[in-house]
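Have a look at the structure below before the remarks.
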Amino acid sequence: MSEFTHLDEQGRLTMVEVGDKPVTRREAAASCRIRVGPKIFPLLLSGGLPKGDVWAAARLAGIMAAKNTAQLIPLCHPLPLTGVDIDFSTDPADHTVVIRSRVRTEARTGVEMEALVAAATAALTIYDMCKAVDRGMIIQDLLLLEKSGGASGAYFAPSP
C-alpha cells in the first residue's frame, strides 16, 4: 500500500475510504488576509463601495463555498456541515482585512478543506466587490489555524 492516502496500490488517484471510521464531532478554523490598499479601505469601512454590502456578500460566499467544497476539490468527501462562521477584522495600519472561517460537522472525516475554501472564497469575493475601485489588492496568508476531532487529534498552527 502507498504511503500516500489518495493513491491505490497501482499509484492511481482514489478517494479515501472512511466508511469504517467513527462519526465524531470535527471542527476546523482557517484564515487569510486581503490587502485592499488605501483607496478601498475607507470605502469598505464606510459601506461606500459601488457593488453594495461587501461584508454580507463575502460572508455568504464563504458559507456557500464551505458547503460546496467537495464539488471544487476533487477527492474531498461531501460532508453534512453543522455550522459555518465567517468573521472579519480590519487592520487600518496595513489596509488589510483578515477573514477567519470556522466549520463544524459530525462526520467520519474532517473539515479542514471546507474551512480553507471558505476563507479563500470570502477573500475572493471581497476582491470581486472592490475591483472597480482598484485591482491592486493582494490575497495572502491562507492557512489552517486549528482542527479538532478524528484519529489524528488536535492541530494548532504555530504562532508566527
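Each chain of the C-alpha cells is named A, B, ... in the order shown, its residues numbered from 1; ligands are numbered from 1 in display order.
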Close residues, range 87-100 of chain A itself excluded, 8 Å, only C-alpha atoms, min 6 positions apart in chain, as a CSV table (one decimal) with C-alpha atoms, in the first residue's frame:
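To be explicit, this is the file written out as around.csv:
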```csv
chain,number,residue,atom,x,y,z
A,29,ALA,CA,-10.6,27.1,11.5
A,30,ALA,CA,-8.7,28.9,8.8
A,31,SER,CA,-7.8,32.4,7.9
A,32,CYS,CA,-6.4,34.6,5.1
A,33,ARG,CA,-5.8,38.3,4.5
A,34,ILE,CA,-6.6,40.6,1.7
A,35,ARG,CA,-4.6,43.8,1.5
A,36,VAL,CA,-7.1,46.2,-0.1
A,37,GLY,CA,-5.0,49.3,-0.1
A,38,PRO,CA,-5.6,53.0,0.9
A,41,PHE,CA,-10.0,50.6,2.9
A,59,ARG,CA,-19.8,36.0,4.4
A,119,ALA,CA,-11.7,31.8,3.9
A,122,ALA,CA,-14.6,35.2,1.2
A,123,ALA,CA,-11.4,36.9,0.2
```
10 Å contact set for Met64 in chain A, only C-alpha atoms, chain neighbours under 3 positions out, as an mmCIF file with C-alpha atoms, in the first residue's frame:
```
data_model
loop_
_atom_site.group_PDB
_atom_site.id
_atom_site.type_symbol
_atom_site.label_atom_id
_atom_site.label_comp_id
_atom_site.auth_asym_id
_atom_site.auth_seq_id
_atom_site.Cartn_x
_atom_site.Cartn_y
_atom_site.Cartn_z
ATOM 1 C CA ALA A 58 -18.261 37.773 1.366
ATOM 2 C CA ARG A 59 -19.821 36.047 4.394
ATOM 3 C CA LEU A 60 -22.455 34.340 2.248
ATOM 4 C CA ALA A 61 -19.849 33.335 -0.359
ATOM 5 C CA LYS A 67 -20.939 23.752 1.728
ATOM 6 C CA ASN A 68 -19.698 23.034 -1.814
ATOM 7 C CA THR A 69 -16.045 22.147 -1.167
ATOM 8 C CA VAL A 84 -20.050 27.709 9.314
ATOM 9 C CA GLU A 114 -14.010 23.392 3.976
ATOM 10 C CA VAL A 117 -12.066 27.100 0.916
ATOM 11 C CA ALA A 118 -14.459 29.283 2.930
ATOM 12 C CA THR A 121 -13.669 32.379 -1.246
ATOM 13 C CA ALA A 122 -14.636 35.160 1.155
#
```
Original post:
Among chain A, which residues carry a DSSP assignment of alpha helix (DSSP H), reported as an MDAnalysis selection string?
Top reply: chainID A and resid 37:46 54:67 69:72 112:130
If we count only C-alpha atoms, what is near Gly136 in chain A at a cut-off of 10 Å, once residues fewer than 2 positions away on the same chain are taken out, given as a PDB file with N, CA and C atoms, in the first residue's frame?
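Result went into part.pdb, see below:
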```
ATOM      1  N   ARG A  35      -5.136  42.423   1.370  1.00  0.00           N
ATOM      2  CA  ARG A  35      -4.633  43.801   1.480  1.00  0.00           C
ATOM      3  C   ARG A  35      -5.357  44.599   0.395  1.00  0.00           C
ATOM      4  N   VAL A  36      -6.281  45.469   0.836  1.00  0.00           N
ATOM      5  CA  VAL A  36      -7.119  46.201  -0.118  1.00  0.00           C
ATOM      6  C   VAL A  36      -6.526  47.538  -0.527  1.00  0.00           C
ATOM      7  N   GLY A  37      -5.630  48.074   0.261  1.00  0.00           N
ATOM      8  CA  GLY A  37      -4.972  49.335  -0.076  1.00  0.00           C
ATOM      9  C   GLY A  37      -5.709  50.556   0.427  1.00  0.00           C
ATOM     10  N   TYR A 127     -12.431  40.808  -3.130  1.00  0.00           N
ATOM     11  CA  TYR A 127     -11.730  41.290  -4.321  1.00  0.00           C
ATOM     12  C   TYR A 127     -12.735  41.658  -5.413  1.00  0.00           C
ATOM     13  N   CYS A 130     -14.688  44.829  -4.830  1.00  0.00           N
ATOM     14  CA  CYS A 130     -13.892  46.061  -4.738  1.00  0.00           C
ATOM     15  C   CYS A 130     -13.079  46.378  -5.991  1.00  0.00           C
ATOM     16  N   LYS A 131     -13.016  45.469  -6.935  1.00  0.00           N
ATOM     17  CA  LYS A 131     -12.105  45.633  -8.075  1.00  0.00           C
ATOM     18  C   LYS A 131     -12.435  46.826  -8.967  1.00  0.00           C
ATOM     19  N   VAL A 133     -12.840  49.741  -7.985  1.00  0.00           N
ATOM     20  CA  VAL A 133     -12.114  50.881  -7.417  1.00  0.00           C
ATOM     21  C   VAL A 133     -10.606  50.726  -7.627  1.00  0.00           C
ATOM     22  N   ASP A 134     -10.091  49.496  -7.417  1.00  0.00           N
ATOM     23  CA  ASP A 134      -8.651  49.264  -7.545  1.00  0.00           C
ATOM     24  C   ASP A 134      -8.408  47.761  -7.664  1.00  0.00           C
ATOM     25  N   ILE A 138      -4.188  42.315  -2.811  1.00  0.00           N
ATOM     26  CA  ILE A 138      -3.367  41.111  -2.678  1.00  0.00           C
ATOM     27  C   ILE A 138      -4.012  40.194  -1.643  1.00  0.00           C
ATOM     28  N   ILE A 139      -4.296  38.969  -2.059  1.00  0.00           N
ATOM     29  CA  ILE A 139      -4.787  37.943  -1.142  1.00  0.00           C
ATOM     30  C   ILE A 139      -3.575  37.128  -0.700  1.00  0.00           C
TER      31      ILE A 139
END
```
Original post:
So which residues touch Met113 in chain A within 9 Å, counting only C-alpha atoms, skipping near sequence neighbours fewer than 3 positions away, as a list in words?
Top reply: Ala28, Ala66, Thr69, Ala70, Ile73, Cys76, Gly110, Leu116, Val117, Ala118 and Leu144 of chain A
How would the residues just chosen look if you wrote them out with C-alpha atoms as an mmCIF file, in the first residue's frame?
```
data_model
loop_
_atom_site.group_PDB
_atom_site.id
_atom_site.type_symbol
_atom_site.label_atom_id
_atom_site.label_comp_id
_atom_site.auth_asym_id
_atom_site.auth_seq_id
_atom_site.Cartn_x
_atom_site.Cartn_y
_atom_site.Cartn_z
ATOM 1 C CA ALA A 28 -11.548 23.464 11.773
ATOM 2 C CA ALA A 66 -17.705 25.549 2.602
ATOM 3 C CA THR A 69 -16.045 22.147 -1.167
ATOM 4 C CA ALA A 70 -16.458 18.561 -2.437
ATOM 5 C CA ILE A 73 -11.618 19.829 -4.563
ATOM 6 C CA CYS A 76 -12.942 15.689 -0.795
ATOM 7 C CA GLY A 110 -12.537 16.434 8.934
ATOM 8 C CA LEU A 116 -9.722 26.844 3.906
ATOM 9 C CA VAL A 117 -12.066 27.100 0.916
ATOM 10 C CA ALA A 118 -14.459 29.283 2.930
ATOM 11 C CA LEU A 144 -5.252 26.309 8.687
#
```
Original post:
Which distance in Å separates CA of Glu106 in chain A and CA of Val23 in chain A, to one decimal?
Top reply: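 One can read the CA of Glu106 in chain A to CA of Val23 in chain A distance as 6.1 Å.
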